[in-house]
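What's in entry11.cif: mmCIF, C-alpha atoms
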data_run
#
loop_
_atom_site.label_atom_id
_atom_site.label_comp_id
_atom_site.auth_asym_id
_atom_site.auth_seq_id
_atom_site.Cartn_x
_atom_site.Cartn_y
_atom_site.Cartn_z
CA MET A 26 -23.51 -34.89 -24.21
CA ASP A 27 -25.51 -34.10 -21.07
CA GLU A 28 -22.90 -33.51 -18.38
CA ARG A 29 -24.81 -35.56 -15.80
CA LYS A 30 -25.95 -38.47 -17.95
CA LEU A 31 -23.87 -41.24 -19.43
CA PRO A 32 -25.00 -43.14 -22.53
CA ALA A 33 -26.43 -46.56 -21.81
CA LEU A 34 -23.91 -48.10 -24.22
CA SER A 35 -21.06 -47.18 -21.85
CA SER A 36 -21.07 -50.53 -20.11
CA TYR A 37 -17.29 -50.25 -20.09
CA ARG A 38 -17.62 -48.25 -16.89
CA TRP A 39 -18.20 -51.54 -15.05
CA VAL A 40 -14.80 -52.75 -16.23
CA ILE A 41 -13.27 -49.60 -14.76
CA LEU A 42 -15.15 -50.08 -11.49
CA GLY A 43 -14.26 -53.78 -11.30
CA ILE A 44 -10.53 -53.14 -11.61
CA ILE A 45 -10.60 -50.26 -9.10
CA ALA A 46 -12.64 -52.28 -6.59
CA LEU A 47 -10.21 -55.19 -6.85
CA MET A 48 -7.28 -52.82 -6.37
CA ASP A 49 -8.93 -51.45 -3.24
CA MET A 50 -9.63 -54.97 -2.01
CA ILE A 51 -6.03 -56.15 -2.42
CA SER A 52 -4.79 -52.94 -0.79
CA ASN A 53 -6.74 -53.65 2.39
CA TYR A 54 -5.96 -57.37 2.14
CA THR A 55 -2.23 -56.62 2.01
CA GLN A 56 -2.30 -53.96 4.71
CA PHE A 57 -4.14 -56.17 7.19
CA GLN A 58 -1.87 -59.15 6.55
CA ILE A 59 0.35 -57.41 9.08
CA SER A 60 -2.44 -57.76 11.65
CA ALA A 61 -3.39 -61.32 10.74
CA LEU A 62 0.25 -62.51 10.81
CA ALA A 63 1.29 -60.41 13.81
CA THR A 64 2.35 -63.36 15.97
CA GLN A 65 4.92 -64.35 13.33
CA ILE A 66 5.95 -60.92 12.08
CA MET A 67 6.66 -59.25 15.43
CA PRO A 68 9.21 -61.84 16.67
CA ALA A 69 10.84 -62.04 13.24
CA LEU A 70 11.36 -58.27 13.06
CA HIS A 71 12.03 -57.89 16.81
CA ILE A 72 9.53 -55.04 17.12
CA SER A 73 7.45 -53.60 19.94
CA PRO A 74 3.65 -53.18 19.93
CA ALA A 75 4.11 -49.47 19.16
CA GLN A 76 6.31 -50.28 16.18
CA PHE A 77 3.77 -52.86 15.03
CA SER A 78 1.04 -50.21 15.09
CA SER A 79 3.26 -47.93 13.03
CA LEU A 80 3.68 -50.65 10.41
CA LEU A 81 -0.06 -51.23 10.29
CA MET A 82 -0.73 -47.52 9.70
CA ALA A 83 2.20 -46.93 7.32
CA PRO A 84 0.25 -47.41 4.04
CA MET A 85 -2.43 -44.97 5.21
CA LEU A 86 -0.04 -42.29 6.47
CA VAL A 87 1.45 -41.92 3.00
CA ALA A 88 -1.87 -40.53 1.82
CA VAL A 89 -1.56 -37.54 4.17
CA PHE A 90 1.32 -36.25 2.07
CA LEU A 91 0.29 -37.47 -1.39
CA SER A 92 -3.49 -36.97 -1.62
CA ILE A 93 -3.57 -33.29 -2.54
CA PRO A 94 -0.55 -33.32 -4.93
CA SER A 95 -1.82 -36.44 -6.70
CA GLY A 96 -5.29 -34.96 -7.12
CA MET A 97 -3.87 -31.76 -8.61
CA LEU A 98 -1.61 -33.68 -10.98
CA ALA A 99 -4.46 -35.98 -12.04
CA ASP A 100 -6.64 -32.97 -12.84
CA LYS A 101 -3.88 -31.70 -15.14
CA PHE A 102 -2.45 -34.92 -16.65
CA GLY A 103 -5.16 -37.53 -16.07
CA ALA A 104 -5.66 -40.01 -13.24
CA LYS A 105 -4.43 -43.04 -15.21
CA LYS A 106 -0.87 -41.73 -15.63
CA ILE A 107 -0.56 -40.67 -12.00
CA VAL A 108 -1.94 -43.91 -10.54
CA THR A 109 0.16 -46.01 -12.93
CA ILE A 110 3.34 -44.49 -11.51
CA GLY A 111 2.08 -45.24 -8.01
CA CYS A 112 1.27 -48.84 -8.91
CA ILE A 113 4.79 -49.49 -10.17
CA VAL A 114 6.33 -48.12 -6.96
CA SER A 115 3.84 -50.07 -4.85
CA VAL A 116 4.55 -53.39 -6.55
CA ILE A 117 8.24 -52.88 -5.74
CA GLY A 118 7.33 -52.12 -2.12
CA ALA A 119 5.01 -55.12 -1.86
CA TYR A 120 7.67 -57.57 -3.08
CA GLY A 121 10.26 -55.69 -1.04
CA ARG A 122 8.63 -57.00 2.14
CA LEU A 123 10.31 -60.31 1.38
CA PHE A 124 13.70 -58.70 1.98
CA ALA A 125 12.72 -56.53 4.95
CA HIS A 126 14.22 -58.02 8.10
CA ASN A 127 13.99 -55.06 10.46
CA PHE A 128 11.53 -52.33 11.41
CA ILE A 129 12.99 -49.51 9.34
CA THR A 130 13.18 -51.52 6.13
CA MET A 131 9.67 -52.92 6.55
CA MET A 132 8.31 -49.43 7.30
CA LEU A 133 9.87 -48.16 4.07
CA MET A 134 8.47 -51.06 2.04
CA LEU A 135 4.96 -50.59 3.44
CA MET A 136 5.04 -46.87 2.79
CA MET A 137 6.07 -47.60 -0.81
CA PHE A 138 3.25 -50.13 -1.04
CA GLY A 139 0.73 -47.55 0.17
CA ILE A 140 1.53 -45.05 -2.58
CA TYR A 141 -0.77 -46.45 -5.28
CA MET A 142 -3.78 -46.53 -3.00
CA ALA A 143 -3.12 -43.00 -1.79
CA LEU A 144 -3.13 -41.83 -5.42
CA LEU A 145 -6.16 -43.92 -6.34
CA ASN A 146 -8.21 -42.91 -3.30
CA ALA A 147 -7.62 -39.26 -4.05
CA ASN A 148 -8.93 -39.70 -7.58
CA THR A 149 -11.86 -42.10 -7.24
CA ILE A 150 -14.22 -39.11 -7.07
CA LYS A 151 -12.80 -37.84 -10.36
CA ILE A 152 -12.88 -41.24 -12.09
CA PHE A 153 -16.34 -42.27 -10.92
CA SER A 154 -17.95 -38.90 -11.58
CA THR A 155 -16.61 -39.05 -15.15
CA TRP A 156 -17.71 -42.61 -15.86
CA PHE A 157 -20.85 -42.94 -13.72
CA LYS A 158 -22.32 -39.41 -13.66
CA GLN A 159 -25.62 -39.61 -11.77
CA ASP A 160 -24.72 -43.13 -10.57
CA THR A 161 -21.50 -42.05 -8.84
CA ASN A 162 -22.93 -43.03 -5.43
CA VAL A 163 -23.43 -46.60 -6.63
CA ALA A 164 -19.80 -46.84 -7.75
CA MET A 165 -18.65 -45.30 -4.47
CA GLY A 166 -20.71 -47.81 -2.51
CA ILE A 167 -19.09 -50.77 -4.26
CA PHE A 168 -15.67 -49.19 -3.81
CA PHE A 169 -16.22 -48.72 -0.05
CA ALA A 170 -17.54 -52.28 0.27
CA SER A 171 -14.45 -53.72 -1.44
CA ALA A 172 -12.32 -52.50 1.47
CA SER A 173 -14.38 -54.55 3.93
CA VAL A 174 -14.07 -57.58 1.67
CA GLY A 175 -10.30 -57.21 1.60
CA ILE A 176 -10.00 -56.94 5.38
CA THR A 177 -12.27 -59.94 5.94
CA LEU A 178 -10.44 -62.12 3.41
CA SER A 179 -7.11 -61.18 4.94
CA GLN A 180 -8.24 -62.29 8.38
CA LEU A 181 -9.71 -65.53 7.00
CA THR A 182 -6.92 -66.65 4.66
CA SER A 183 -3.60 -65.35 5.98
CA SER A 184 -3.16 -68.28 8.35
CA LEU A 185 -3.61 -70.73 5.46
CA PHE A 186 -0.26 -69.89 3.86
CA ALA A 187 2.75 -72.07 4.59
CA SER A 188 4.81 -69.05 5.62
CA VAL A 189 4.78 -65.27 5.90
CA SER A 190 6.83 -65.10 2.71
CA ALA A 191 4.22 -67.15 0.85
CA ALA A 192 1.50 -64.76 2.02
CA TYR A 193 3.56 -61.78 0.87
CA ILE A 194 4.22 -63.34 -2.55
CA PHE A 195 0.52 -64.03 -3.10
CA SER A 196 -0.69 -60.50 -2.32
CA SER A 197 2.21 -58.91 -4.23
CA THR A 198 1.51 -61.00 -7.32
CA VAL A 199 -2.19 -60.13 -7.25
CA LEU A 200 -1.24 -56.44 -7.13
CA LEU A 201 1.15 -56.94 -10.06
CA ILE A 202 -1.61 -58.55 -12.13
CA LEU A 203 -4.05 -55.74 -11.28
CA THR A 204 -1.41 -53.17 -12.22
CA VAL A 205 -1.15 -54.74 -15.66
CA LEU A 206 -4.96 -54.71 -15.97
CA TRP A 207 -5.02 -51.05 -14.92
CA ILE A 208 -2.47 -50.10 -17.58
CA ILE A 209 -4.20 -52.05 -20.34
CA PHE A 210 -7.89 -51.46 -19.68
CA VAL A 211 -8.44 -48.30 -17.63
CA LYS A 212 -9.21 -45.06 -19.48
CA ASP A 213 -9.57 -41.57 -18.07
CA THR A 214 -12.77 -40.74 -19.97
CA PRO A 215 -15.41 -42.54 -22.06
CA LYS A 216 -15.19 -42.20 -25.83
CA GLY A 217 -16.70 -38.88 -26.86
CA GLU A 218 -16.46 -37.34 -23.40
CA PRO A 219 -14.92 -33.86 -23.59
CA VAL A 220 -11.61 -33.50 -21.74
CA PRO A 221 -11.44 -30.31 -19.62
CA LYS A 222 -8.82 -27.82 -20.72
CA SER A 223 -5.60 -28.17 -18.74
CA GLU A 224 -4.74 -25.35 -16.34
CA PRO A 225 -1.80 -24.51 -14.06
CA VAL A 226 -1.58 -27.03 -11.22
CA THR A 227 -1.86 -24.34 -8.55
CA LYS A 228 -5.21 -23.18 -9.90
CA TYR A 229 -6.78 -26.56 -9.18
CA LEU A 230 -5.78 -26.25 -5.54
CA ARG A 231 -6.93 -22.62 -5.27
CA VAL A 232 -10.38 -23.51 -6.57
CA VAL A 233 -10.77 -26.46 -4.18
CA ILE A 234 -9.52 -24.60 -1.11
CA LYS A 235 -12.24 -21.99 -1.64
CA SER A 236 -14.97 -24.66 -1.68
CA LYS A 237 -16.51 -24.64 1.81
CA LYS A 238 -18.67 -27.65 1.00
CA THR A 239 -15.61 -29.74 0.10
CA TRP A 240 -14.05 -28.85 3.46
CA LEU A 241 -17.26 -29.88 5.24
CA VAL A 242 -17.24 -33.28 3.51
CA GLY A 243 -13.63 -33.82 4.59
CA ILE A 244 -14.29 -32.75 8.18
CA SER A 245 -17.40 -34.92 8.44
CA GLY A 246 -15.49 -37.89 7.03
CA GLY A 247 -12.61 -37.27 9.42
CA ILE A 248 -14.85 -37.19 12.49
CA GLY A 249 -16.71 -40.31 11.37
CA SER A 250 -13.50 -42.17 10.53
CA ALA A 251 -11.96 -41.29 13.89
CA ALA A 252 -14.96 -42.67 15.76
CA THR A 253 -14.98 -45.83 13.62
CA MET A 254 -11.23 -46.46 13.91
CA SER A 255 -11.28 -45.86 17.66
CA PHE A 256 -14.27 -48.17 18.09
CA THR A 257 -12.81 -50.93 15.91
CA GLY A 258 -9.45 -50.70 17.62
CA ILE A 259 -10.69 -50.90 21.20
CA LEU A 260 -13.68 -53.24 20.79
CA PRO A 261 -11.80 -56.57 21.13
CA GLN A 262 -9.94 -55.22 24.17
CA ALA A 263 -13.19 -54.00 25.73
CA LEU A 264 -14.86 -57.35 25.18
CA ILE A 265 -11.93 -59.26 26.70
CA ASN A 266 -11.09 -57.01 29.65
CA GLY A 267 -14.47 -55.41 30.25
CA LYS A 268 -16.84 -58.30 29.64
CA GLY A 269 -14.57 -61.29 30.24
CA ILE A 270 -15.03 -62.77 26.77
CA ALA A 271 -12.39 -65.21 25.53
CA ILE A 272 -9.83 -63.83 23.10
CA ALA A 273 -10.91 -66.00 20.16
CA SER A 274 -14.59 -65.21 20.70
CA ALA A 275 -13.91 -61.48 21.10
CA GLY A 276 -12.15 -61.37 17.73
CA ALA A 277 -14.99 -63.21 16.02
CA ILE A 278 -17.63 -60.94 17.60
CA ALA A 279 -15.71 -57.78 16.69
CA SER A 280 -15.36 -58.86 13.07
CA VAL A 281 -19.16 -58.95 12.69
CA ALA A 282 -19.23 -55.16 12.42
CA THR A 283 -17.32 -55.46 9.15
CA ILE A 284 -20.21 -57.40 7.65
CA GLY A 285 -22.56 -54.59 8.54
CA SER A 286 -20.19 -52.04 7.00
CA LEU A 287 -20.05 -53.99 3.76
CA ILE A 288 -23.83 -54.17 3.55
CA GLY A 289 -24.23 -50.50 4.47
CA SER A 290 -21.84 -49.35 1.75
CA LEU A 291 -23.78 -51.25 -0.88
CA VAL A 292 -27.32 -50.59 0.32
CA ALA A 293 -27.20 -46.87 1.15
CA PRO A 294 -26.79 -45.60 -2.46
CA ALA A 295 -29.65 -47.84 -3.59
CA VAL A 296 -31.90 -46.64 -0.77
CA THR A 297 -31.27 -42.94 -1.39
CA HIS A 298 -31.78 -43.45 -5.12
CA HIS A 299 -35.45 -44.14 -4.40
CA LEU A 300 -35.90 -41.22 -2.03
CA ASN A 301 -36.82 -37.71 -3.05
CA ARG A 302 -34.47 -36.32 -0.43
CA ALA A 303 -31.52 -38.20 1.02
CA LYS A 304 -30.71 -35.86 3.92
CA PRO A 305 -33.28 -37.21 6.45
CA TYR A 306 -32.03 -40.75 5.81
CA MET A 307 -28.39 -39.66 6.18
CA VAL A 308 -29.14 -37.91 9.49
CA LEU A 309 -30.99 -40.99 10.72
CA THR A 310 -28.01 -43.22 9.94
CA ARG A 311 -25.72 -41.10 12.12
CA ILE A 312 -28.16 -41.19 15.04
CA VAL A 313 -28.64 -44.96 14.82
CA ALA A 314 -24.89 -45.58 14.43
CA GLY A 315 -24.17 -43.42 17.49
CA ILE A 316 -26.77 -45.22 19.60
CA SER A 317 -25.40 -48.59 18.48
CA ILE A 318 -21.85 -47.68 19.53
CA PHE A 319 -22.96 -46.51 22.97
CA ALA A 320 -25.27 -49.50 23.42
CA THR A 321 -22.41 -51.93 22.80
CA TRP A 322 -21.15 -51.55 26.36
CA PHE A 323 -24.56 -52.44 27.81
CA THR A 324 -25.43 -55.24 25.40
CA PRO A 325 -24.86 -58.81 26.68
CA ALA A 326 -22.50 -60.99 24.68
CA GLY A 327 -24.11 -63.31 22.19
CA SER A 328 -26.57 -62.94 19.35
CA LEU A 329 -27.94 -59.64 20.67
CA MET A 330 -24.51 -58.02 20.65
CA MET A 331 -23.73 -59.38 17.20
CA ALA A 332 -27.01 -57.98 15.89
CA ASN A 333 -26.19 -54.61 17.43
CA LEU A 334 -22.75 -54.61 15.79
CA VAL A 335 -24.21 -55.47 12.38
CA ILE A 336 -26.72 -52.62 12.72
CA GLY A 337 -23.97 -50.24 13.84
CA GLY A 338 -21.74 -51.23 10.95
CA LEU A 339 -24.59 -51.00 8.45
CA PHE A 340 -25.68 -47.50 9.45
CA GLY A 341 -22.17 -46.34 10.30
CA ALA A 342 -20.88 -47.04 6.77
CA ALA A 343 -23.95 -45.72 4.96
CA ASN A 344 -22.88 -42.11 4.56
CA GLY A 345 -19.33 -42.64 3.29
CA PRO A 346 -20.12 -43.26 -0.39
CA LEU A 347 -22.93 -40.68 -0.37
CA MET A 348 -20.73 -37.91 1.00
CA GLN A 349 -17.80 -38.72 -1.26
CA GLY A 350 -20.05 -39.02 -4.30
CA MET A 351 -21.56 -35.55 -3.92
CA VAL A 352 -18.22 -33.70 -4.10
CA ALA A 353 -17.92 -33.82 -7.88
CA GLU A 354 -21.50 -32.53 -8.11
CA PHE A 355 -20.68 -29.28 -6.33
CA PRO A 356 -21.02 -26.55 -9.00
CA GLU A 357 -17.62 -25.08 -8.19
CA ILE A 358 -15.90 -28.50 -8.45
CA GLY A 359 -17.33 -30.72 -11.18
CA PRO A 360 -15.20 -33.39 -12.92
CA LYS A 361 -12.58 -30.77 -13.82
CA TYR A 362 -11.48 -30.20 -10.20
CA ALA A 363 -12.64 -33.51 -8.73
CA GLY A 364 -9.12 -34.92 -8.36
CA SER A 365 -7.91 -31.98 -6.30
CA ALA A 366 -11.15 -32.04 -4.28
CA GLY A 367 -10.70 -35.75 -3.58
CA GLY A 368 -7.13 -35.09 -2.49
CA LEU A 369 -8.24 -32.39 -0.06
CA VAL A 370 -11.01 -34.59 1.35
CA GLY A 371 -8.60 -37.50 1.78
CA THR A 372 -5.96 -35.41 3.54
CA VAL A 373 -8.44 -33.80 5.93
CA GLN A 374 -10.05 -37.15 6.73
CA LEU A 375 -6.78 -38.90 7.48
CA LEU A 376 -5.35 -36.08 9.60
CA MET A 377 -8.53 -35.69 11.62
CA SER A 378 -9.07 -39.41 12.08
CA TYR A 379 -5.50 -39.86 13.33
CA VAL A 380 -5.55 -36.87 15.71
CA LEU A 381 -9.03 -37.51 17.10
CA THR A 382 -8.29 -41.22 17.65
CA VAL A 383 -5.30 -40.25 19.80
CA VAL A 384 -7.39 -37.63 21.65
CA ILE A 385 -10.14 -40.15 22.42
CA SER A 386 -7.57 -42.55 23.84
CA ALA A 387 -5.93 -39.80 25.91
CA ILE A 388 -9.23 -38.64 27.41
CA ALA A 389 -10.88 -42.01 28.08
CA GLY A 390 -7.87 -44.19 28.83
CA GLN A 391 -9.09 -47.67 29.83
CA ASN A 392 -12.58 -46.45 30.76
CA TYR A 393 -14.59 -48.25 28.08
CA LEU A 394 -17.89 -46.59 28.92
CA VAL A 395 -16.37 -43.13 28.43
CA THR A 396 -14.64 -44.30 25.25
CA PHE A 397 -17.85 -45.60 23.70
CA ALA A 398 -19.71 -42.47 24.81
CA ILE A 399 -17.20 -40.17 23.08
CA GLN A 400 -17.25 -42.31 19.95
CA ALA A 401 -21.05 -42.23 19.91
CA ILE A 402 -21.16 -38.45 20.33
CA LEU A 403 -18.64 -37.91 17.54
CA THR A 404 -20.56 -40.24 15.22
CA ALA A 405 -23.90 -38.55 15.86
CA SER A 406 -22.40 -35.05 15.69
CA THR A 407 -21.63 -35.40 11.99
CA MET A 408 -25.35 -35.05 11.31
CA ILE A 409 -24.89 -31.31 11.95
CA LEU A 410 -22.53 -31.08 8.97
CA ILE A 411 -24.89 -33.21 6.89
CA MET A 412 -27.69 -30.76 7.61
CA ILE A 413 -25.49 -27.85 6.47
CA LEU A 414 -24.47 -29.53 3.21
CA PRO A 415 -26.79 -29.78 0.18
CA ASP A 416 -29.02 -32.84 -0.03
CA ALA A 417 -27.15 -35.69 -1.72
CA ASN A 418 -30.01 -36.09 -4.19
CA HIS A 419 -30.17 -32.36 -5.02
CA VAL A 420 -26.58 -31.17 -4.91
CA ARG A 421 -26.89 -29.03 -8.03
CA ASP A 422 -30.27 -27.55 -7.14
#

Taking this structure as input, can you express it in the form of C-alpha cells?
Amino acid sequence: MDERKLPALSSYRWVILGIIALMDMISNYTQFQISALATQIMPALHISPAQFSSLLMAPMLVAVFLSIPSGMLADKFGAKKIVTIGCIVSVIGAYGRLFAHNFITMMLMLMMFGIYMALLNANTIKIFSTWFKQDTNVAMGIFFASASVGITLSQLTSSLFASVSAAYIFSSTVLLILTVLWIIFVKDTPKGEPVPKSEPVTKYLRVVIKSKKTWLVGISGGIGSAATMSFTGILPQALINGKGIAIASAGAIASVATIGSLIGSLVAPAVTHHLNRAKPYMVLTRIVAGISIFATWFTPAGSLMMANLVIGGLFGAANGPLMQGMVAEFPEIGPKYAGSAGGLVGTVQLLMSYVLTVVISAIAGQNYLVTFAIQAILTASTMILIMILPDANHVRD
C-alpha cells in the first residue's frame, strides 16, 4: 500500500472522524458550561473570580502533564486503548460534578473530565495521518471546527436547562454515549494497513525531541494560541469599558469571532489543496489576522466591527489544522512517531499559551490599545516560523 494514499473504499475513516469530532465538540461544550452558567455556579460553590478561572482552565491544564506520556504510550500500544482509559475516567469526572459542592472537589472532577481530551488531542495527528493520509489537513480542519461548534452551542443552550444539575447530566450522558461509540467503532488502523513494530517507549520520545520541525510547529501554535486566548478573554471587557458597549451586546459581538474561526478551520485545508504551494497563503493569513486584531480597537461598534471579527477569526484559525496536519508528514516522524509528536506539540502549545497570556496581561494591564498591539504582533510573528518550516503542500519534498 502506498504510504501516503488511502484506498477509496476506506469510507470508514469518516466514521472515525465523526466520532472524534463529536467527542471534541462535547469536550468544549462541557468545559464552557462553567462559563455559561457562571452566575449560578459561583454562588453555589462560594468561589472567587480567580477560582472560577482555575475551574475553567482545569480540563486544559491536565494536557500539560499527559500529552507527551499519552502520545508515547499510543505509539507503543495504540491510540484506541489509551483514549478508552481516559474516556472512562472522564465520564466519572463529568458525572462527579453533580456531587461537587466546593472548589477543591469541582477542580478535581473537571481535571478528571479533561483527561480523555488531553489523550485524544495528543493523538489526533497519529489517528488522522493513518486514516486520511494525504487528506489529513481536511480531517484536522473539521476537528478544529468542532471545538467552535461546541463552545457556541454551550453558550446558546446552557441557559435552557431547568438547573445546573440538568445541564451537567445532559453533557455527561452525551460523553458516555460517545465513549461507547468510541469503544465499539473506532479502530487504530484500516484493514490491511501495516502496524509499525513496537519499540521501547523512551525511543519514541527521543526521536521526537530531536525533530526541530516538530518543535517549531509547537512553538508557532503556542504563540498563536496565546494571542487568540488573550484576545478572546479581554475583548468583551474592552468593548464594555473601552467603548461603552452594553454587557449583553458586547458578549454577542465578541462571539462573532467564533463563527469566523469555524469557517477558517474548514475552508483553509480546501483552499491550500488547490494551491501549488501553501506557504504564501499561510503567511498571508497571519498578516491579515494580526491586522484584524489591532484594527479592532479602532473599528466602530456595529456591522463593521462584526465583519472585522469574522475576518480575524477566519484567518486566525486557518493555520491550525495545516500546521498540525504536516507533523506526521515529517520524514523523521511519520505515523510511527506521530502520537509522541502530537504530545510534544500539545505540551509546548499549552505551556506557551498559558505563560504568554499571563505576560501580555502583566505588560499591558488595562491599556487595551497596548494589549491588542501585542496580540497583533505575536499573531503576525508566527509567519517567521511558517517561512522556516517546509511548505504544507510539499512537506516530504

Starting from the displayed file, determine the output of the PyMOL selection byres ((chain A and resi 285-292) around 12) and express the residue list as a PyMOL selection string. chain A and resi 50+162-177+253+257+279-284+293-299+307+310+314+317+331-349

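Across A:Thr396, A:Asn148, A:Ser92, A:Gln374, the tightest approach to A:Ile244 is made by A:Gln374 when counting only C-alpha atoms.
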
So which residues get picked by the PyMOL selection byres ((chain A and resi 239) around 9) here, written as a ChimeraX atom specification? /A:233-238,240-244,352,355,358,366-367,369-370

Do you know which residues the PyMOL selection byres ((chain A and resi 198-215) around 7) returns on this file, as a ChimeraX atom specification? /A:41,44,48,51,103-105,109,112,116,152,155-156,194-197,216-218

So which one's closest to A:His71, A:Met131, A:Ile107, A:Leu42, A:Leu410? Using only C-alpha atoms, please.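 Between A:Met131, A:Ile107, A:Leu42, A:Leu410, the residue approaching A:His71 most closely is A:Met131.
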
Best match for closeness to A:Pro94 among A:Thr182, A:Ser35, A:Gln58, A:Ser365, counting only C-alpha atoms: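 That would be A:Ser365, the residue with the smallest distance to A:Pro94.
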
Measuring atom to atom with all atoms listed in the file, identify which of A:Ser183, A:Gln400, A:Asn53, A:Thr382 is nearest to A:Thr321. A:Gln400

Give me, please, the distance in Å between atom CA of A:Arg122 and atom CA of A:Pro84, quoted to one decimal.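 Separation between atom CA of A:Arg122 and atom CA of A:Pro84: 12.9 Å.
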
Selected residue of minimal separation from A:Ala271 among A:Ile59, A:Ala326, A:Ala251, A:Ala99, counting only C-alpha atoms: A:Ala326

Given the choices A:Ala263, A:Met408, A:Leu145, A:Ile270, which gets closest to A:Gly368 if the distance is worked out from all atoms listed in the file?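 Answer, going by the shortest atom-to-atom distance: A:Leu145.
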
Would you work out the distance separating atom CA of A:Gly111 from atom CA of A:Tyr54, expressed in Å to one decimal?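 Distance between the two atoms: 17.7 Å.
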
Reconstruct N, CA, C and O atoms of stretch 381-392 of chain A; output as a PDB file, in the frame of the given file.
ATOM      1  N   LEU A 381      -7.895 -37.283  16.202  1.00  0.00           N
ATOM      2  CA  LEU A 381      -9.030 -37.510  17.100  1.00  0.00           C
ATOM      3  C   LEU A 381      -8.958 -38.887  17.762  1.00  0.00           C
ATOM      4  O   LEU A 381      -9.378 -39.045  18.916  1.00  0.00           O
ATOM      5  N   THR A 382      -8.439 -39.883  17.048  1.00  0.00           N
ATOM      6  CA  THR A 382      -8.290 -41.220  17.650  1.00  0.00           C
ATOM      7  C   THR A 382      -7.345 -41.155  18.838  1.00  0.00           C
ATOM      8  O   THR A 382      -7.601 -41.756  19.893  1.00  0.00           O
ATOM      9  N   VAL A 383      -6.243 -40.414  18.693  1.00  0.00           N
ATOM     10  CA  VAL A 383      -5.300 -40.250  19.800  1.00  0.00           C
ATOM     11  C   VAL A 383      -5.944 -39.477  20.950  1.00  0.00           C
ATOM     12  O   VAL A 383      -5.768 -39.815  22.133  1.00  0.00           O
ATOM     13  N   VAL A 384      -6.723 -38.437  20.629  1.00  0.00           N
ATOM     14  CA  VAL A 384      -7.390 -37.630  21.650  1.00  0.00           C
ATOM     15  C   VAL A 384      -8.389 -38.469  22.444  1.00  0.00           C
ATOM     16  O   VAL A 384      -8.453 -38.375  23.686  1.00  0.00           O
ATOM     17  N   ILE A 385      -9.167 -39.281  21.743  1.00  0.00           N
ATOM     18  CA  ILE A 385     -10.140 -40.150  22.420  1.00  0.00           C
ATOM     19  C   ILE A 385      -9.435 -41.050  23.419  1.00  0.00           C
ATOM     20  O   ILE A 385      -9.862 -41.217  24.565  1.00  0.00           O
ATOM     21  N   SER A 386      -8.334 -41.652  22.973  1.00  0.00           N
ATOM     22  CA  SER A 386      -7.570 -42.550  23.840  1.00  0.00           C
ATOM     23  C   SER A 386      -7.000 -41.809  25.047  1.00  0.00           C
ATOM     24  O   SER A 386      -7.018 -42.322  26.178  1.00  0.00           O
ATOM     25  N   ALA A 387      -6.524 -40.582  24.811  1.00  0.00           N
ATOM     26  CA  ALA A 387      -5.930 -39.800  25.910  1.00  0.00           C
ATOM     27  C   ALA A 387      -6.974 -39.403  26.944  1.00  0.00           C
ATOM     28  O   ALA A 387      -6.700 -39.392  28.148  1.00  0.00           O
ATOM     29  N   ILE A 388      -8.170 -39.074  26.493  1.00  0.00           N
ATOM     30  CA  ILE A 388      -9.230 -38.640  27.410  1.00  0.00           C
ATOM     31  C   ILE A 388      -9.825 -39.823  28.191  1.00  0.00           C
ATOM     32  O   ILE A 388      -9.981 -39.762  29.412  1.00  0.00           O
ATOM     33  N   ALA A 389     -10.144 -40.895  27.466  1.00  0.00           N
ATOM     34  CA  ALA A 389     -10.880 -42.010  28.080  1.00  0.00           C
ATOM     35  C   ALA A 389      -9.972 -43.040  28.748  1.00  0.00           C
ATOM     36  O   ALA A 389     -10.393 -43.711  29.695  1.00  0.00           O
ATOM     37  N   GLY A 390      -8.751 -43.180  28.265  1.00  0.00           N
ATOM     38  CA  GLY A 390      -7.870 -44.190  28.830  1.00  0.00           C
ATOM     39  C   GLY A 390      -8.473 -45.585  28.698  1.00  0.00           C
ATOM     40  O   GLY A 390      -8.913 -45.985  27.624  1.00  0.00           O
ATOM     41  N   GLN A 391      -8.518 -46.320  29.824  1.00  0.00           N
ATOM     42  CA  GLN A 391      -9.090 -47.670  29.830  1.00  0.00           C
ATOM     43  C   GLN A 391     -10.541 -47.690  30.299  1.00  0.00           C
ATOM     44  O   GLN A 391     -11.090 -48.762  30.567  1.00  0.00           O
ATOM     45  N   ASN A 392     -11.168 -46.520  30.368  1.00  0.00           N
ATOM     46  CA  ASN A 392     -12.580 -46.450  30.760  1.00  0.00           C
ATOM     47  C   ASN A 392     -13.418 -46.672  29.494  1.00  0.00           C
ATOM     48  O   ASN A 392     -13.623 -45.766  28.698  1.00  0.00           O
TER      49      ASN A 392
END
